[in-house]
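As stored in coords-v2.tsv (TSV, N, CA and C atoms):
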chain	number	residue	atom	x	y	z
A	428	ILE	N	28.37	217.44	326.38
A	428	ILE	CA	28.64	218.10	325.11
A	428	ILE	C	27.97	217.29	324.01
A	429	PHE	N	27.21	217.94	323.18
A	429	PHE	CA	26.52	217.30	322.07
A	429	PHE	C	27.44	217.25	320.87
A	430	VAL	N	27.65	216.06	320.33
A	430	VAL	CA	28.46	215.88	319.13
A	430	VAL	C	27.55	215.31	318.05
A	431	PRO	N	27.30	216.08	316.98
A	431	PRO	CA	26.41	215.58	315.93
A	431	PRO	C	27.03	214.41	315.19
A	432	GLN	N	26.22	213.41	314.89
A	432	GLN	CA	26.68	212.25	314.13
A	432	GLN	C	26.56	212.58	312.65
A	433	PRO	N	27.59	212.26	311.85
A	433	PRO	CA	27.52	212.58	310.43
A	433	PRO	C	26.47	211.72	309.73
A	434	SER	N	25.70	212.36	308.88
A	434	SER	CA	24.72	211.62	308.09
A	434	SER	C	25.44	210.99	306.90
A	435	SER	N	24.77	210.12	306.19
A	435	SER	CA	25.43	209.45	305.07
A	435	SER	C	25.83	210.46	304.00
A	436	SER	N	24.98	211.47	303.75
A	436	SER	CA	25.34	212.46	302.74
A	436	SER	C	26.52	213.30	303.21
A	437	ARG	N	26.57	213.58	304.51
A	437	ARG	CA	27.69	214.35	305.04
A	437	ARG	C	28.96	213.53	304.97
A	438	LYS	N	28.86	212.23	305.25
A	438	LYS	CA	30.03	211.37	305.20
A	438	LYS	C	30.57	211.31	303.77
A	439	ASP	N	29.65	211.23	302.78
A	439	ASP	CA	30.08	211.24	301.39
A	439	ASP	C	30.76	212.55	301.04
A	440	TYR	N	30.27	213.65	301.59
A	440	TYR	CA	30.85	214.95	301.33
A	440	TYR	C	32.26	215.04	301.91
A	441	LEU	N	32.46	214.41	303.09
A	441	LEU	CA	33.76	214.50	303.76
A	441	LEU	C	34.81	213.64	303.08
A	442	SER	N	34.39	212.62	302.35
A	442	SER	CA	35.37	211.77	301.70
A	442	SER	C	35.83	212.43	300.41
A	443	GLY	N	36.96	212.02	299.94
A	443	GLY	CA	37.47	212.57	298.70
A	443	GLY	C	38.98	212.66	298.74
A	444	THR	N	39.54	212.97	297.62
A	444	THR	CA	40.99	213.05	297.53
A	444	THR	C	41.46	214.48	297.77
A	445	PRO	N	42.72	214.67	298.13
A	445	PRO	CA	43.23	216.02	298.35
A	445	PRO	C	43.12	216.91	297.12
A	446	GLU	N	43.13	216.29	295.93
A	446	GLU	CA	43.00	217.10	294.72
A	446	GLU	C	41.64	217.80	294.67
A	447	LYS	N	40.62	217.14	295.25
A	447	LYS	CA	39.28	217.73	295.30
A	447	LYS	C	39.19	218.80	296.37
A	448	HIS	N	40.09	218.74	297.35
A	448	HIS	CA	40.05	219.66	298.48
A	448	HIS	C	41.42	220.30	298.71
A	449	PRO	N	41.81	221.29	297.87
A	449	PRO	CA	43.12	221.91	298.05
A	449	PRO	C	43.26	222.66	299.37
A	450	GLU	N	42.13	223.00	300.01
A	450	GLU	CA	42.20	223.69	301.30
A	450	GLU	C	42.81	222.82	302.38
A	451	LEU	N	42.74	221.49	302.22
A	451	LEU	CA	43.36	220.59	303.19
A	451	LEU	C	44.87	220.72	303.15
A	452	VAL	N	45.42	220.91	301.97
A	452	VAL	CA	46.86	221.09	301.85
A	452	VAL	C	47.26	222.39	302.53
A	453	MET	N	46.43	223.44	302.36
A	453	MET	CA	46.72	224.71	303.03
A	453	MET	C	46.64	224.53	304.54
A	454	ALA	N	45.67	223.78	305.04
A	454	ALA	CA	45.55	223.57	306.48
A	454	ALA	C	46.76	222.82	307.01
A	455	ALA	N	47.24	221.87	306.25
A	455	ALA	CA	48.43	221.13	306.67
A	455	ALA	C	49.65	222.03	306.70
A	456	GLU	N	49.73	222.98	305.79
A	456	GLU	CA	50.86	223.90	305.77
A	456	GLU	C	50.76	224.92	306.90
A	457	ASP	N	49.54	225.31	307.29
A	457	ASP	CA	49.35	226.31	308.33
A	457	ASP	C	49.54	225.75	309.74
A	458	ALA	N	49.32	224.46	309.92
A	458	ALA	CA	49.45	223.86	311.25
A	458	ALA	C	50.91	223.87	311.67
A	459	LYS	N	51.12	224.01	312.97
A	459	LYS	CA	52.48	224.08	313.48
A	459	LYS	C	52.95	222.71	313.93
A	460	GLU	N	54.17	222.36	313.52
A	460	GLU	CA	54.75	221.09	313.92
A	460	GLU	C	55.70	221.38	315.07
A	461	ALA	N	55.24	221.11	316.30
A	461	ALA	CA	56.02	221.41	317.49
A	461	ALA	C	57.23	220.49	317.58
A	462	THR	N	57.03	219.21	317.46
A	462	THR	CA	58.10	218.23	317.44
A	462	THR	C	57.90	217.37	316.21
A	463	PRO	N	58.94	216.75	315.70
A	463	PRO	CA	58.78	215.91	314.50
A	463	PRO	C	57.71	214.84	314.72
A	464	GLY	N	56.79	214.74	313.76
A	464	GLY	CA	55.71	213.76	313.86
A	464	GLY	C	54.53	214.21	314.69
A	465	SER	N	54.57	215.45	315.19
A	465	SER	CA	53.50	215.98	316.03
A	465	SER	C	53.03	217.31	315.47
A	466	VAL	N	51.71	217.50	315.40
A	466	VAL	CA	51.15	218.73	314.85
A	466	VAL	C	50.09	219.28	315.80
A	467	ASP	N	50.07	220.60	315.98
A	467	ASP	CA	49.03	221.28	316.75
A	467	ASP	C	48.05	221.91	315.78
A	468	MET	N	46.76	221.59	315.92
A	468	MET	CA	45.72	222.16	315.07
A	468	MET	C	44.77	222.97	315.94
A	469	LYS	N	44.67	224.26	315.67
A	469	LYS	CA	43.76	225.12	316.42
A	469	LYS	C	42.49	225.30	315.60
A	470	VAL	N	41.34	225.01	316.21
A	470	VAL	CA	40.06	225.15	315.51
A	470	VAL	C	39.36	226.43	315.96
A	471	THR	N	38.58	226.99	315.06
A	471	THR	CA	37.79	228.19	315.34
A	471	THR	C	36.37	227.97	314.85
A	472	THR	N	35.53	228.95	315.04
A	472	THR	CA	34.16	228.86	314.53
A	472	THR	C	34.03	229.53	313.17
A	473	LYS	N	35.14	230.00	312.62
A	473	LYS	CA	35.10	230.72	311.33
A	473	LYS	C	34.92	229.78	310.14
A	474	LYS	N	35.32	228.52	310.30
A	474	LYS	CA	35.17	227.54	309.22
A	474	LYS	C	34.24	226.44	309.70
A	475	PRO	N	33.60	225.74	308.77
A	475	PRO	CA	32.65	224.68	309.17
A	475	PRO	C	33.36	223.49	309.81
A	476	ILE	N	32.61	222.73	310.59
A	476	ILE	CA	33.15	221.56	311.27
A	476	ILE	C	33.74	220.58	310.25
A	477	SER	N	33.09	220.43	309.12
A	477	SER	CA	33.56	219.48	308.10
A	477	SER	C	34.98	219.80	307.63
A	478	PHE	N	35.34	221.07	307.60
A	478	PHE	CA	36.70	221.46	307.20
A	478	PHE	C	37.73	220.89	308.17
A	479	TYR	N	37.45	221.03	309.46
A	479	TYR	CA	38.40	220.55	310.47
A	479	TYR	C	38.43	219.02	310.53
A	480	ILE	N	37.31	218.37	310.25
A	480	ILE	CA	37.28	216.91	310.21
A	480	ILE	C	38.15	216.42	309.06
A	481	ARG	N	37.98	217.01	307.88
A	481	ARG	CA	38.80	216.63	306.73
A	481	ARG	C	40.27	216.91	306.99
A	482	SER	N	40.57	218.04	307.62
A	482	SER	CA	41.95	218.39	307.93
A	482	SER	C	42.58	217.38	308.88
A	483	ALA	N	41.85	217.03	309.94
A	483	ALA	CA	42.37	216.07	310.91
A	483	ALA	C	42.61	214.71	310.25
A	484	LYS	N	41.68	214.29	309.41
A	484	LYS	CA	41.86	213.02	308.71
A	484	LYS	C	43.08	213.07	307.79
A	485	SER	N	43.27	214.19	307.13
A	485	SER	CA	44.41	214.30	306.20
A	485	SER	C	45.74	214.27	306.94
A	486	PHE	N	45.80	214.75	308.18
A	486	PHE	CA	47.04	214.69	308.94
A	486	PHE	C	47.43	213.24	309.22
A	487	PHE	N	46.45	212.36	309.41
A	487	PHE	CA	46.75	210.97	309.70
A	487	PHE	C	46.89	210.10	308.46
A	488	THR	N	46.40	210.55	307.32
A	488	THR	CA	46.53	209.77	306.09
A	488	THR	C	47.62	210.31	305.17
A	489	GLY	N	48.01	211.57	305.36
A	489	GLY	CA	48.98	212.21	304.47
A	489	GLY	C	48.28	212.79	303.27
A	490	VAL	N	48.83	213.84	302.71
A	490	VAL	CA	48.23	214.48	301.54
A	490	VAL	C	49.31	214.79	300.52
A	491	GLU	N	48.87	215.01	299.29
A	491	GLU	CA	49.78	215.40	298.23
A	491	GLU	C	49.26	216.69	297.62
A	492	SER	N	50.11	217.70	297.53
A	492	SER	CA	49.69	218.98	296.98
A	492	SER	C	49.61	218.89	295.46
A	493	GLU	N	49.04	219.93	294.86
A	493	GLU	CA	48.90	219.96	293.40
A	493	GLU	C	50.26	219.95	292.72
A	494	SER	N	51.29	220.49	293.40
A	494	SER	CA	52.63	220.55	292.82
A	494	SER	C	53.36	219.21	292.96
A	495	GLY	N	52.73	218.22	293.60
A	495	GLY	CA	53.33	216.91	293.75
A	495	GLY	C	54.08	216.72	295.04
A	496	GLU	N	54.14	217.75	295.88
A	496	GLU	CA	54.82	217.63	297.17
A	496	GLU	C	53.96	216.82	298.12
A	497	LYS	N	54.56	215.80	298.74
A	497	LYS	CA	53.81	214.91	299.62
A	497	LYS	C	54.05	215.28	301.08
A	498	LYS	N	52.95	215.43	301.82
A	498	LYS	CA	53.02	215.64	303.27
A	498	LYS	C	52.83	214.29	303.92
A	499	GLU	N	53.80	213.86	304.69
A	499	GLU	CA	53.74	212.57	305.35
A	499	GLU	C	52.73	212.59	306.50
A	500	PRO	N	52.14	211.44	306.82
A	500	PRO	CA	51.22	211.37	307.97
A	500	PRO	C	51.94	211.68	309.27
A	501	VAL	N	51.22	212.24	310.22
A	501	VAL	CA	51.80	212.55	311.53
A	501	VAL	C	51.48	211.43	312.50
A	502	CYS	N	52.24	211.35	313.59
A	502	CYS	CA	52.01	210.34	314.62
A	502	CYS	C	51.09	210.87	315.71
A	503	VAL	N	51.22	212.18	316.03
A	503	VAL	CA	50.45	212.78	317.12
A	503	VAL	C	49.82	214.08	316.62
A	504	LEU	N	48.52	214.23	316.83
A	504	LEU	CA	47.81	215.45	316.48
A	504	LEU	C	47.15	215.99	317.74
A	505	THR	N	47.40	217.26	318.03
A	505	THR	CA	46.78	217.92	319.17
A	505	THR	C	45.79	218.94	318.63
A	506	ILE	N	44.52	218.75	318.97
A	506	ILE	CA	43.46	219.65	318.51
A	506	ILE	C	43.05	220.51	319.69
A	507	SER	N	43.05	221.84	319.50
A	507	SER	CA	42.64	222.73	320.58
A	507	SER	C	41.52	223.65	320.10
A	508	GLY	N	40.59	223.93	321.01
A	508	GLY	CA	39.48	224.81	320.72
A	508	GLY	C	39.21	225.71	321.90
A	509	LEU	N	38.84	226.94	321.62
A	509	LEU	CA	38.60	227.94	322.65
A	509	LEU	C	37.18	228.48	322.50
A	510	GLY	N	36.44	228.58	323.60
A	510	GLY	CA	35.09	229.15	323.58
A	510	GLY	C	34.12	228.26	322.82
A	511	GLU	N	33.42	228.85	321.85
A	511	GLU	CA	32.41	228.12	321.08
A	511	GLU	C	33.03	227.07	320.16
A	512	ALA	N	34.35	227.12	319.97
A	512	ALA	CA	35.03	226.15	319.10
A	512	ALA	C	35.32	224.84	319.82
A	513	VAL	N	34.98	224.73	321.10
A	513	VAL	CA	35.21	223.48	321.85
A	513	VAL	C	34.45	222.34	321.19
A	514	SER	N	33.21	222.55	320.82
A	514	SER	CA	32.41	221.49	320.20
A	514	SER	C	32.98	221.08	318.84
A	515	THR	N	33.57	222.03	318.11
A	515	THR	CA	34.19	221.73	316.83
A	515	THR	C	35.41	220.83	317.03
A	516	ALA	N	36.22	221.12	318.04
A	516	ALA	CA	37.40	220.31	318.35
A	516	ALA	C	36.98	218.89	318.73
A	517	VAL	N	35.94	218.78	319.55
A	517	VAL	CA	35.46	217.46	319.98
A	517	VAL	C	34.93	216.68	318.78
A	518	ALA	N	34.16	217.32	317.93
A	518	ALA	CA	33.59	216.64	316.75
A	518	ALA	C	34.70	216.12	315.84
A	519	ALA	N	35.74	216.91	315.62
A	519	ALA	CA	36.84	216.47	314.75
A	519	ALA	C	37.56	215.28	315.37
A	520	ALA	N	37.85	215.35	316.66
A	520	ALA	CA	38.58	214.27	317.32
A	520	ALA	C	37.76	212.98	317.35
A	521	VAL	N	36.49	213.07	317.67
A	521	VAL	CA	35.63	211.88	317.76
A	521	VAL	C	35.46	211.23	316.40
A	522	THR	N	35.33	212.02	315.36
A	522	THR	CA	35.16	211.48	314.01
A	522	THR	C	36.42	210.74	313.56
A	523	VAL	N	37.59	211.30	313.84
A	523	VAL	CA	38.84	210.64	313.47
A	523	VAL	C	38.97	209.32	314.22
A	524	GLU	N	38.60	209.31	315.50
A	524	GLU	CA	38.68	208.06	316.26
A	524	GLU	C	37.65	207.05	315.76
A	525	LYS	N	36.45	207.51	315.45
A	525	LYS	CA	35.39	206.62	314.96
A	525	LYS	C	35.78	205.97	313.64
A	526	ASP	N	36.50	206.71	312.79
A	526	ASP	CA	36.94	206.18	311.50
A	526	ASP	C	38.15	205.26	311.62
A	527	GLY	N	38.68	205.10	312.83
A	527	GLY	CA	39.76	204.16	313.05
A	527	GLY	C	41.14	204.67	312.66
A	528	LEU	N	41.29	205.97	312.49
A	528	LEU	CA	42.60	206.52	312.11
A	528	LEU	C	43.50	206.78	313.30
A	529	ALA	N	42.91	207.06	314.46
A	529	ALA	CA	43.70	207.41	315.65
A	529	ALA	C	42.91	207.10	316.91
A	530	ASP	N	43.62	207.14	318.02
A	530	ASP	CA	43.01	206.97	319.34
A	530	ASP	C	43.15	208.26	320.13
A	531	ILE	N	42.11	208.62	320.87
A	531	ILE	CA	42.20	209.77	321.76
A	531	ILE	C	42.96	209.31	323.00
A	532	LYS	N	44.11	209.93	323.26
A	532	LYS	CA	44.95	209.53	324.38
A	532	LYS	C	44.81	210.46	325.57
A	533	LYS	N	44.48	211.73	325.33
A	533	LYS	CA	44.45	212.69	326.43
A	533	LYS	C	43.47	213.81	326.10
A	534	ILE	N	42.68	214.19	327.11
A	534	ILE	CA	41.77	215.33	326.98
A	534	ILE	C	42.03	216.25	328.16
A	535	GLU	N	42.36	217.49	327.87
A	535	GLU	CA	42.59	218.49	328.91
A	535	GLU	C	41.56	219.61	328.74
A	536	THR	N	40.98	220.04	329.84
A	536	THR	CA	40.09	221.19	329.81
A	536	THR	C	40.61	222.23	330.78
A	537	SER	N	40.33	223.48	330.46
A	537	SER	CA	40.72	224.57	331.35
A	537	SER	C	39.77	225.74	331.13
A	538	TYR	N	39.90	226.72	331.96
A	538	TYR	CA	39.05	227.91	331.90
A	538	TYR	C	39.94	229.14	332.10
A	539	PRO	N	40.81	229.43	331.11
A	539	PRO	CA	41.75	230.55	331.28
A	539	PRO	C	41.05	231.91	331.25
A	540	ASP	N	41.64	232.87	331.93
A	540	ASP	CA	41.12	234.24	331.91
A	540	ASP	C	41.51	234.91	330.60
A	541	MET	N	40.53	235.56	329.98
A	541	MET	CA	40.76	236.28	328.73
A	541	MET	C	40.41	237.74	328.96
A	542	THR	N	41.30	238.63	328.54
A	542	THR	CA	41.07	240.06	328.69
A	542	THR	C	40.53	240.62	327.38
A	543	SER	N	39.41	241.32	327.47
A	543	SER	CA	38.79	241.91	326.29
A	543	SER	C	38.14	243.22	326.68
A	544	GLY	N	38.58	244.30	326.08
A	544	GLY	CA	37.98	245.61	326.35
A	544	GLY	C	38.14	246.06	327.79
A	545	GLY	N	39.23	245.70	328.42
A	545	GLY	CA	39.47	246.13	329.79
A	545	GLY	C	38.90	245.23	330.86
A	546	SER	N	38.08	244.26	330.48
A	546	SER	CA	37.51	243.34	331.48
A	546	SER	C	38.10	241.95	331.28
A	547	THR	N	38.19	241.21	332.36
A	547	THR	CA	38.72	239.85	332.32
A	547	THR	C	37.61	238.86	332.59
A	548	ARG	N	37.48	237.87	331.70
A	548	ARG	CA	36.46	236.85	331.85
A	548	ARG	C	37.08	235.49	331.57
A	549	GLY	N	36.47	234.47	332.12
A	549	GLY	CA	36.92	233.11	331.85
A	549	GLY	C	36.37	232.62	330.53
A	550	CYS	N	37.11	231.72	329.89
A	550	CYS	CA	36.70	231.18	328.60
A	550	CYS	C	37.06	229.70	328.57
A	551	PRO	N	36.12	228.83	328.20
A	551	PRO	CA	36.43	227.40	328.17
A	551	PRO	C	37.44	227.05	327.08
A	552	ARG	N	38.30	226.07	327.39
A	552	ARG	CA	39.32	225.64	326.43
A	552	ARG	C	39.46	224.13	326.53
A	553	ILE	N	39.66	223.47	325.39
A	553	ILE	CA	39.88	222.02	325.37
A	553	ILE	C	41.12	221.73	324.53
A	554	LEU	N	41.84	220.72	324.94
A	554	LEU	CA	43.04	220.27	324.25
A	554	LEU	C	42.95	218.75	324.16
A	555	ILE	N	42.85	218.22	322.94
A	555	ILE	CA	42.66	216.79	322.71
A	555	ILE	C	43.88	216.25	321.97
A	556	THR	N	44.50	215.23	322.53
A	556	THR	CA	45.69	214.62	321.91
A	556	THR	C	45.29	213.28	321.30
A	557	LEU	N	45.57	213.14	319.99
A	557	LEU	CA	45.26	211.91	319.25
A	557	LEU	C	46.56	211.26	318.81
A	558	TRP	N	46.65	209.94	318.94
A	558	TRP	CA	47.79	209.18	318.47
A	558	TRP	C	47.36	208.28	317.33
A	559	LYS	N	48.17	208.25	316.29
A	559	LYS	CA	47.85	207.40	315.13
A	559	LYS	C	47.89	205.93	315.53
A	560	LYS	N	46.95	205.16	314.97
A	560	LYS	CA	46.88	203.71	315.26
A	560	LYS	C	47.98	202.99	314.50
Can you turn what I pasted into structure tokens?
Amino acid sequence: IFVPQPSSSRKDYLSGTPEKHPELVMAAEDAKEATPGSVDMKVTTKKPISFYIRSAKSFFTGVESESGEKKEPVCVLTISGLGEAVSTAVAAAVTVEKDGLADIKKIETSYPDMTSGGSTRGCPRILITLWKK
């Protein structure tokens, strides 16, 4: 799997405060907290990779919304991607680990059957579990 390395300009773009990126607060609110301190983040190809990288980083650093409500950092983040979003999930997880925010503890892959239009086909799936350092 090819994981693009962030360029310096891209790295500068990814940095910033939550006030500059209110969409990160929305992503934190949309993610499901299965158990206390654990969040499941599902990635798709509808948003750019940089969005999911910033979101994953914000889960481990904590964010503050415009209204002043603070979201505490999580201990465990599970990133899942289906189909073409597998590379997006890998890129987000590797970047968070490279930045020293978390360690990748578990990687699961599968090929579940997906039904579409009356036909059943296999589709690649990845599930990456990250633990905060």
Determine, counting all atoms listed in the file, every residue of protein, DNA or RNA that lies within 7 Å of (43.5, 212.3, 323.0) in the file coordinates, then give the result as an MDAnalysis selection string.
-> chainID A and resid 530:534 554:558
Coordinates-based distance that separates atom N of Glu499 (chain A) from atom N of Lys473 (chain A) (Å, one decimal) =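 Here the two named atoms are 25.9 Å from each other.
Computed from the coordinates, the CA of Val513 (chain A) to CA of Asp540 (chain A) distance equals 15.9 Å.
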Got a sec to check which residues sit within 9 Å of (37.1, 216.5, 318.1), counting only C-alpha atoms, and write them as a PyMOL selection string?
-> chain A and resi 430+479-480+483+506-507+513-524+555
Write the selection just made, keeping N, CA and C atoms, as a compact mmCIF listing (two decimals), keeping the file's coordinate frame?
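Resulting contents of again_24.txt:
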# COMPACT_ATOMS: atom_id res chain seq x y z
N VAL A 430 27.65 216.06 320.33
CA VAL A 430 28.46 215.88 319.13
C VAL A 430 27.55 215.31 318.05
N TYR A 479 37.45 221.03 309.46
CA TYR A 479 38.40 220.55 310.47
C TYR A 479 38.43 219.02 310.53
N ILE A 480 37.31 218.37 310.25
CA ILE A 480 37.28 216.91 310.21
C ILE A 480 38.15 216.42 309.06
N ALA A 483 41.85 217.03 309.94
CA ALA A 483 42.37 216.07 310.91
C ALA A 483 42.61 214.71 310.25
N ILE A 506 44.52 218.75 318.97
CA ILE A 506 43.46 219.65 318.51
C ILE A 506 43.05 220.51 319.69
N SER A 507 43.05 221.84 319.50
CA SER A 507 42.64 222.73 320.58
C SER A 507 41.52 223.65 320.10
N VAL A 513 34.98 224.73 321.10
CA VAL A 513 35.21 223.48 321.85
C VAL A 513 34.45 222.34 321.19
N SER A 514 33.21 222.55 320.82
CA SER A 514 32.41 221.49 320.20
C SER A 514 32.98 221.08 318.84
N THR A 515 33.57 222.03 318.11
CA THR A 515 34.19 221.73 316.83
C THR A 515 35.41 220.83 317.03
N ALA A 516 36.22 221.12 318.04
CA ALA A 516 37.40 220.31 318.35
C ALA A 516 36.98 218.89 318.73
N VAL A 517 35.94 218.78 319.55
CA VAL A 517 35.46 217.46 319.98
C VAL A 517 34.93 216.68 318.78
N ALA A 518 34.16 217.32 317.93
CA ALA A 518 33.59 216.64 316.75
C ALA A 518 34.70 216.12 315.84
N ALA A 519 35.74 216.91 315.62
CA ALA A 519 36.84 216.47 314.75
C ALA A 519 37.56 215.28 315.37
N ALA A 520 37.85 215.35 316.66
CA ALA A 520 38.58 214.27 317.32
C ALA A 520 37.76 212.98 317.35
N VAL A 521 36.49 213.07 317.67
CA VAL A 521 35.63 211.88 317.76
C VAL A 521 35.46 211.23 316.40
N THR A 522 35.33 212.02 315.36
CA THR A 522 35.16 211.48 314.01
C THR A 522 36.42 210.74 313.56
N VAL A 523 37.59 211.30 313.84
CA VAL A 523 38.84 210.64 313.47
C VAL A 523 38.97 209.32 314.22
N GLU A 524 38.60 209.31 315.50
CA GLU A 524 38.68 208.06 316.26
C GLU A 524 37.65 207.05 315.76
N ILE A 555 42.85 218.22 322.94
CA ILE A 555 42.66 216.79 322.71
C ILE A 555 43.88 216.25 321.97
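Here atom N of Ala529 (chain A) and atom C of Lys560 (chain A) stand 6.5 Å from one another.
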When DSSP works through the backbone of this structure, what residues of region 491-533 of chain A end up as alpha helix (DSSP H), shown as a list in words?
-> Val513, Ser514, Thr515, Ala516, Val517, Ala518, Ala519, Ala520, Val521, Thr522, Val523, Glu524 and Lys525 of chain A
With distances taken over only C-alpha atoms, which of A:Gly549, A:Gly527, A:Gly544, A:Gly508 is nearest to Asp467 (chain A)?
->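 Of the candidates, the smallest distance to Asp467 (chain A) is held by A:Gly508.
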Once you add 8 Å to each side, what are the centre and edge lengths of the axis-aligned box holding all listed atoms of region 502-518 of chain A? One decimal in Å, as AutoDock Vina command-line options, if you can.
--center_x 42.3 --center_y 219.7 --center_z 318.6 --size_x 35.8 --size_y 34.8 --size_z 26.0
